[in-house]
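**Student:** What follows is a single structure, and I will ask about it in a moment.
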Amino acid sequence: MVLIIIILFGLIWGSFLNVIIYRLPRNISIVKPASFCPSCKHKIPFYYNIPLISFIILKGKCKYCGNKISFMYPLVELLTPISIILLYFKYSFTTFFLFSFIFTSALIVLAFIDYYHQILPNEITIPGSLLFLGYSFLNPYIDFTNSLLGMAFGGGILFLIYWIYLRIKKIEGLGLGDVKMMIMVGSFLGWLKTLFTLLIGTFAAASVGIFLIIFKGKDLKYSLPFGTFLSPSAFIALMWGSEIIKTYLNLFKKN
Ligand SMILES: [Zn+2]
C-alpha cells in the first residue's frame with residue numbers, strides 16, 4: 001500500500017519536475033500557464049497529462065500538432081518514483097528521507113537542464129546549499145563542520161580546475177554552475193562522499209568523452225554537460241557511498 005502511494009506520488013512529482021526543467025531555463029512561471037505543448041503551444045487537458053500513461057496512449061506524439069514529445073518527459077516521470085522508492089527502502093520515513101528526497105529532486109532537475117541548456121541554475125543550487133547547510137544541525141550522518149568542508153571541497157576543487165583552465169587555456173573548461181552544484185552536493189553529503197561524487201562523475205564524463213572522440217569523431221573542444229554526470233554520481237554517493245568506500249578501503253587492509 002505504501003509502495004503504491006509512493007509510486008503515484010512519484011509520478012505526479014516527476015511531472016512537476018518536468019515543468020521546472022522546461023520552464024526554469026526559459027523564465028516561464030512555474031505555476032501560471034497550464035501545461036502546453038512545446039511545439040504548438042496548445043493547452044494540454046488533464047486527461048492527456050497523466051504521467052507516463054498519456055505518453056504511451058498518445059504514442060509519444062502531441063494530440064494536436066502530431067509533433068514528437070521529447071523522451072525526457074517519460075524518463076523523468078520514471079526516474080523520479082524509482083529514486084524515491086530506493087530512498088524509502090534505505091531510509092524509511094525519516095527527516096533524512098525528506099531531505100534526501102529534496103536533494104534528489106534537485107539533482108534530477110539539474111541533470112536535465114544541464115543536458116539541454118548547458119546551465120545549472122542558481123535558483124536551484126544556491127537555496128539548496130543553504131537549506132542543506134542549515135539541515136546539517138539535524139543531519140544524522142554529517143555535522144555542521146563536515147557540511148562546510150563538503151562545500152569547500154566540492155566547490156574548491158572544481159573552482160581550481162576552472163581557474164587553471166581559464167589561466168592556461170583561456171577557455172571555460174568548466175562552468176561556475178558546476179562549482180555551485182558541487183557546493184550544494186557537499187553541503188548535504190559531507191567532504192568524503194563529495195570527493196567520491198567528483199571521482200566517479202569525472203570518470204564517467206571522461207569515459208563518454210573518449211568514446212565520443214573515438215567513435216563519433218568529436219574533437220576535444222566538444223564540451224559535455226558535466227552536471228549531467230555529477231548528478232547520478234551524487235545519487236550513488238548518497239545511496240551506496242559509505243558501503244563502496246568501506247569496501248574499497250578494506251582492500252588495503254591486510255588483517
Ligand atoms: Zn503540439
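Ordered as shown in the C-alpha cells, chains take letters A, B, and onward, while each chain numbers its residues from 1 and ligands are numbered from 1 in the order shown.
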Leaving out region 137-147 of chain A and any residue of its chain fewer than 2 positions from it, which residues lie within 12 Å of it when counting only C-alpha atoms, given as a PDB file with N, CA, C and O atoms, in the first residue's frame?
**Tutor:**
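The file below, around_17.pdb, is the result:
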```pdb
ATOM      1  N   TYR A  91      16.072   4.551   3.824  1.00  0.00           N
ATOM      2  CA  TYR A  91      15.964   5.445   4.983  1.00  0.00           C
ATOM      3  C   TYR A  91      14.585   5.452   5.637  1.00  0.00           C
ATOM      4  O   TYR A  91      14.406   6.125   6.642  1.00  0.00           O
ATOM      5  N   THR A  94      11.963   9.103   7.438  1.00  0.00           N
ATOM      6  CA  THR A  94      12.680   9.882   8.435  1.00  0.00           C
ATOM      7  C   THR A  94      12.848  11.301   7.891  1.00  0.00           C
ATOM      8  O   THR A  94      12.540  11.551   6.734  1.00  0.00           O
ATOM      9  N   THR A  95      13.345  12.215   8.735  1.00  0.00           N
ATOM     10  CA  THR A  95      13.633  13.557   8.194  1.00  0.00           C
ATOM     11  C   THR A  95      14.724  13.450   7.132  1.00  0.00           C
ATOM     12  O   THR A  95      14.716  14.200   6.167  1.00  0.00           O
ATOM     13  N   PHE A  96      15.678  12.521   7.362  1.00  0.00           N
ATOM     14  CA  PHE A  96      16.750  12.388   6.376  1.00  0.00           C
ATOM     15  C   PHE A  96      16.179  11.966   5.019  1.00  0.00           C
ATOM     16  O   PHE A  96      16.644  12.411   3.976  1.00  0.00           O
ATOM     17  N   PHE A  97      15.149  11.108   5.056  1.00  0.00           N
ATOM     18  CA  PHE A  97      14.468  10.714   3.819  1.00  0.00           C
ATOM     19  C   PHE A  97      13.893  11.947   3.125  1.00  0.00           C
ATOM     20  O   PHE A  97      14.057  12.134   1.919  1.00  0.00           O
ATOM     21  N   LEU A  98      13.251  12.804   3.902  1.00  0.00           N
ATOM     22  CA  LEU A  98      12.635  14.009   3.335  1.00  0.00           C
ATOM     23  C   LEU A  98      13.683  14.890   2.645  1.00  0.00           C
ATOM     24  O   LEU A  98      13.488  15.352   1.523  1.00  0.00           O
ATOM     25  N   PHE A  99      14.812  15.095   3.339  1.00  0.00           N
ATOM     26  CA  PHE A  99      15.845  15.955   2.757  1.00  0.00           C
ATOM     27  C   PHE A  99      16.550  15.263   1.583  1.00  0.00           C
ATOM     28  O   PHE A  99      16.941  15.920   0.617  1.00  0.00           O
ATOM     29  N   SER A 100      16.700  13.933   1.662  1.00  0.00           N
ATOM     30  CA  SER A 100      17.260  13.192   0.528  1.00  0.00           C
ATOM     31  C   SER A 100      16.366  13.321  -0.686  1.00  0.00           C
ATOM     32  O   SER A 100      16.828  13.398  -1.818  1.00  0.00           O
ATOM     33  N   SER A 129      22.044  24.743  -1.317  1.00  0.00           N
ATOM     34  CA  SER A 129      23.226  24.746  -0.444  1.00  0.00           C
ATOM     35  C   SER A 129      22.872  25.277   0.939  1.00  0.00           C
ATOM     36  O   SER A 129      23.263  24.704   1.963  1.00  0.00           O
ATOM     37  N   LEU A 130      22.108  26.379   0.979  1.00  0.00           N
ATOM     38  CA  LEU A 130      21.756  26.987   2.270  1.00  0.00           C
ATOM     39  C   LEU A 130      20.863  26.059   3.082  1.00  0.00           C
ATOM     40  O   LEU A 130      21.048  25.885   4.290  1.00  0.00           O
ATOM     41  N   LEU A 131      19.896  25.440   2.389  1.00  0.00           N
ATOM     42  CA  LEU A 131      18.973  24.526   3.071  1.00  0.00           C
ATOM     43  C   LEU A 131      19.728  23.359   3.709  1.00  0.00           C
ATOM     44  O   LEU A 131      19.523  23.033   4.884  1.00  0.00           O
ATOM     45  N   PHE A 132      20.636  22.742   2.946  1.00  0.00           N
ATOM     46  CA  PHE A 132      21.341  21.559   3.449  1.00  0.00           C
ATOM     47  C   PHE A 132      22.380  21.927   4.502  1.00  0.00           C
ATOM     48  O   PHE A 132      22.644  21.141   5.406  1.00  0.00           O
ATOM     49  N   LEU A 133      22.961  23.119   4.380  1.00  0.00           N
ATOM     50  CA  LEU A 133      23.884  23.579   5.423  1.00  0.00           C
ATOM     51  C   LEU A 133      23.104  23.758   6.727  1.00  0.00           C
ATOM     52  O   LEU A 133      23.545  23.331   7.793  1.00  0.00           O
ATOM     53  N   GLY A 134      21.936  24.356   6.641  1.00  0.00           N
ATOM     54  CA  GLY A 134      21.089  24.519   7.820  1.00  0.00           C
ATOM     55  C   GLY A 134      20.686  23.177   8.405  1.00  0.00           C
ATOM     56  O   GLY A 134      20.701  22.979   9.627  1.00  0.00           O
ATOM     57  N   TYR A 135      20.373  22.232   7.524  1.00  0.00           N
ATOM     58  CA  TYR A 135      19.939  20.904   7.968  1.00  0.00           C
ATOM     59  C   TYR A 135      21.067  20.145   8.668  1.00  0.00           C
ATOM     60  O   TYR A 135      20.806  19.220   9.441  1.00  0.00           O
ATOM     61  N   LEU A 149      32.975  21.624   5.176  1.00  0.00           N
ATOM     62  CA  LEU A 149      34.111  21.020   4.484  1.00  0.00           C
ATOM     63  C   LEU A 149      33.695  20.481   3.119  1.00  0.00           C
ATOM     64  O   LEU A 149      34.418  20.619   2.134  1.00  0.00           O
ATOM     65  N   GLY A 150      32.515  19.856   3.087  1.00  0.00           N
ATOM     66  CA  GLY A 150      31.993  19.345   1.827  1.00  0.00           C
ATOM     67  C   GLY A 150      31.825  20.447   0.797  1.00  0.00           C
ATOM     68  O   GLY A 150      32.200  20.299  -0.369  1.00  0.00           O
ATOM     69  N   MET A 151      31.285  21.578   1.249  1.00  0.00           N
ATOM     70  CA  MET A 151      31.103  22.718   0.352  1.00  0.00           C
ATOM     71  C   MET A 151      32.454  23.225  -0.147  1.00  0.00           C
ATOM     72  O   MET A 151      32.633  23.509  -1.330  1.00  0.00           O
ATOM     73  N   ALA A 152      33.418  23.311   0.784  1.00  0.00           N
ATOM     74  CA  ALA A 152      34.748  23.811   0.426  1.00  0.00           C
ATOM     75  C   ALA A 152      35.443  22.855  -0.544  1.00  0.00           C
ATOM     76  O   ALA A 152      36.023  23.285  -1.550  1.00  0.00           O
ATOM     77  N   PHE A 153      35.369  21.562  -0.273  1.00  0.00           N
ATOM     78  CA  PHE A 153      35.997  20.563  -1.147  1.00  0.00           C
ATOM     79  C   PHE A 153      35.330  20.556  -2.518  1.00  0.00           C
ATOM     80  O   PHE A 153      35.986  20.653  -3.544  1.00  0.00           O
ATOM     81  N   GLY A 154      34.010  20.385  -2.512  1.00  0.00           N
ATOM     82  CA  GLY A 154      33.271  20.265  -3.769  1.00  0.00           C
ATOM     83  C   GLY A 154      33.450  21.489  -4.643  1.00  0.00           C
ATOM     84  O   GLY A 154      33.826  21.393  -5.821  1.00  0.00           O
ATOM     85  N   MET A 182      28.408  21.535  -7.013  1.00  0.00           N
ATOM     86  CA  MET A 182      29.175  20.698  -6.095  1.00  0.00           C
ATOM     87  C   MET A 182      29.210  21.285  -4.683  1.00  0.00           C
ATOM     88  O   MET A 182      29.393  20.554  -3.715  1.00  0.00           O
ATOM     89  N   ILE A 183      29.030  22.604  -4.568  1.00  0.00           N
ATOM     90  CA  ILE A 183      28.898  23.203  -3.229  1.00  0.00           C
ATOM     91  C   ILE A 183      27.616  22.667  -2.587  1.00  0.00           C
ATOM     92  O   ILE A 183      27.600  22.266  -1.424  1.00  0.00           O
ATOM     93  N   MET A 184      26.551  22.603  -3.392  1.00  0.00           N
ATOM     94  CA  MET A 184      25.282  22.066  -2.878  1.00  0.00           C
ATOM     95  C   MET A 184      25.431  20.597  -2.483  1.00  0.00           C
ATOM     96  O   MET A 184      25.000  20.186  -1.403  1.00  0.00           O
ATOM     97  N   VAL A 185      26.051  19.807  -3.357  1.00  0.00           N
ATOM     98  CA  VAL A 185      26.265  18.383  -3.069  1.00  0.00           C
ATOM     99  C   VAL A 185      27.076  18.232  -1.778  1.00  0.00           C
ATOM    100  O   VAL A 185      26.742  17.448  -0.894  1.00  0.00           O
ATOM    101  N   GLY A 186      28.131  19.042  -1.644  1.00  0.00           N
ATOM    102  CA  GLY A 186      28.982  18.980  -0.458  1.00  0.00           C
ATOM    103  C   GLY A 186      28.240  19.324   0.819  1.00  0.00           C
ATOM    104  O   GLY A 186      28.459  18.695   1.858  1.00  0.00           O
ATOM    105  N   SER A 187      27.340  20.290   0.736  1.00  0.00           N
ATOM    106  CA  SER A 187      26.627  20.714   1.943  1.00  0.00           C
ATOM    107  C   SER A 187      25.727  19.604   2.471  1.00  0.00           C
ATOM    108  O   SER A 187      25.449  19.541   3.661  1.00  0.00           O
ATOM    109  N   PHE A 188      25.288  18.701   1.606  1.00  0.00           N
ATOM    110  CA  PHE A 188      24.411  17.618   2.053  1.00  0.00           C
ATOM    111  C   PHE A 188      25.177  16.332   2.338  1.00  0.00           C
ATOM    112  O   PHE A 188      24.827  15.583   3.257  1.00  0.00           O
ATOM    113  N   LEU A 189      26.216  16.041   1.544  1.00  0.00           N
ATOM    114  CA  LEU A 189      26.881  14.743   1.663  1.00  0.00           C
ATOM    115  C   LEU A 189      28.143  14.756   2.527  1.00  0.00           C
ATOM    116  O   LEU A 189      28.644  13.702   2.899  1.00  0.00           O
ATOM    117  N   GLY A 190      28.685  15.949   2.828  1.00  0.00           N
ATOM    118  CA  GLY A 190      29.940  15.994   3.562  1.00  0.00           C
ATOM    119  C   GLY A 190      31.122  15.757   2.631  1.00  0.00           C
ATOM    120  O   GLY A 190      30.947  15.393   1.472  1.00  0.00           O
ATOM    121  N   TRP A 191      32.347  15.954   3.157  1.00  0.00           N
ATOM    122  CA  TRP A 191      33.513  16.004   2.257  1.00  0.00           C
ATOM    123  C   TRP A 191      33.842  14.670   1.594  1.00  0.00           C
ATOM    124  O   TRP A 191      34.195  14.620   0.420  1.00  0.00           O
ATOM    125  N   LEU A 192      33.704  13.552   2.340  1.00  0.00           N
ATOM    126  CA  LEU A 192      34.160  12.268   1.789  1.00  0.00           C
ATOM    127  C   LEU A 192      33.312  11.833   0.591  1.00  0.00           C
ATOM    128  O   LEU A 192      33.837  11.505  -0.481  1.00  0.00           O
ATOM    129  N   LYS A 193      31.994  11.862   0.767  1.00  0.00           N
ATOM    130  CA  LYS A 193      31.115  11.450  -0.333  1.00  0.00           C
ATOM    131  C   LYS A 193      31.133  12.465  -1.478  1.00  0.00           C
ATOM    132  O   LYS A 193      30.784  12.128  -2.615  1.00  0.00           O
ATOM    133  N   THR A 194      31.523  13.696  -1.167  1.00  0.00           N
ATOM    134  CA  THR A 194      31.653  14.705  -2.218  1.00  0.00           C
ATOM    135  C   THR A 194      32.854  14.383  -3.112  1.00  0.00           C
ATOM    136  O   THR A 194      32.766  14.449  -4.339  1.00  0.00           O
ATOM    137  N   LEU A 238      25.016   9.181  -2.287  1.00  0.00           N
ATOM    138  CA  LEU A 238      24.010   9.252  -1.231  1.00  0.00           C
ATOM    139  C   LEU A 238      23.516   7.856  -0.844  1.00  0.00           C
ATOM    140  O   LEU A 238      23.391   7.533   0.337  1.00  0.00           O
ATOM    141  N   SER A 242      28.835   5.093   1.366  1.00  0.00           N
ATOM    142  CA  SER A 242      29.535   4.558   2.540  1.00  0.00           C
ATOM    143  C   SER A 242      30.000   3.136   2.286  1.00  0.00           C
ATOM    144  O   SER A 242      31.150   2.782   2.570  1.00  0.00           O
TER     145      SER A 242
END
```
**Student:** Tell me, counting only C-alpha atoms and all ligand atoms, for each residue of chain A within 8 Å of ligand 1, which pair of atoms is nearest and how far apart they are in Å to one decimal, in rows ordered by chain and increasing number, as CSV.
**Tutor:**
```
residue,atom,partner,partner_atom_place_in_ligand_line,distance
A:Phe36,CA,ligand 1,1 (Zn),7.8
A:Cys37,CA,ligand 1,1 (Zn),4.6
A:Pro38,CA,ligand 1,1 (Zn),6.5
A:Ser39,CA,ligand 1,1 (Zn),4.9
A:Cys40,CA,ligand 1,1 (Zn),4.1
A:Lys41,CA,ligand 1,1 (Zn),6.2
A:His42,CA,ligand 1,1 (Zn),5.9
A:Lys61,CA,ligand 1,1 (Zn),7.9
A:Cys62,CA,ligand 1,1 (Zn),4.6
A:Lys63,CA,ligand 1,1 (Zn),6.5
A:Tyr64,CA,ligand 1,1 (Zn),5.0
A:Cys65,CA,ligand 1,1 (Zn),4.1
A:Gly66,CA,ligand 1,1 (Zn),6.1
A:Asn67,CA,ligand 1,1 (Zn),5.8
```
**Student:** Can you pull out every residue within 7 Å of region 225-228 of chain A, counting only C-alpha atoms, but drop anything in the same chain fewer than 5 positions away, and send it as an NGL selection string?
**Tutor:** :A and (110-112 or 114-115 or 118 or 178 or 205)
**Student:** If I take CA of Ala204 (chain A) and CA of Thr80 (chain A), how far is one from the other in Å, to one decimal?
**Tutor:**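 Distance between the two atoms: 21.5 Å.
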**Student:** What is the CA of Tyr162 (chain A)-CA of Tyr248 (chain A) distance in Å, reported with one decimal?
**Tutor:**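 The value is 29.1 Å.
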**Student:** Expressed in Å to a single decimal, how great is the separation between CA of Phe55 (chain A) and CA of Ile113 (chain A)?
**Tutor:**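 Separating CA of Phe55 (chain A) from CA of Ile113 (chain A) is a distance of 20.7 Å.
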**Student:** Any idea what's packed within 12 Å of Tyr22 (chain A), counting only C-alpha atoms, ignoring anything in its chain fewer than 3 positions away? Could you give it as a list in words?
**Tutor:**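 Once the adjacent positions are removed, what remains is Ser15, Phe16, Leu17, Asn18, Val19, Pro25, Arg26, Asn27, Ile28, Ser29, Ile30, Ser35, Phe36, Cys37, Pro38, Ser70, Met72, Tyr73, Val76, Val109, Leu110, Phe112, Ile113, Asp114, Tyr115, Tyr116 and His117 of chain A.
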**Student:** Which residue, A:Ser223, A:Ser233, A:Ser83, A:Thr125, has the smallest gap to Gly177 (chain A) when you use only C-alpha atoms?
**Tutor:** A:Thr125
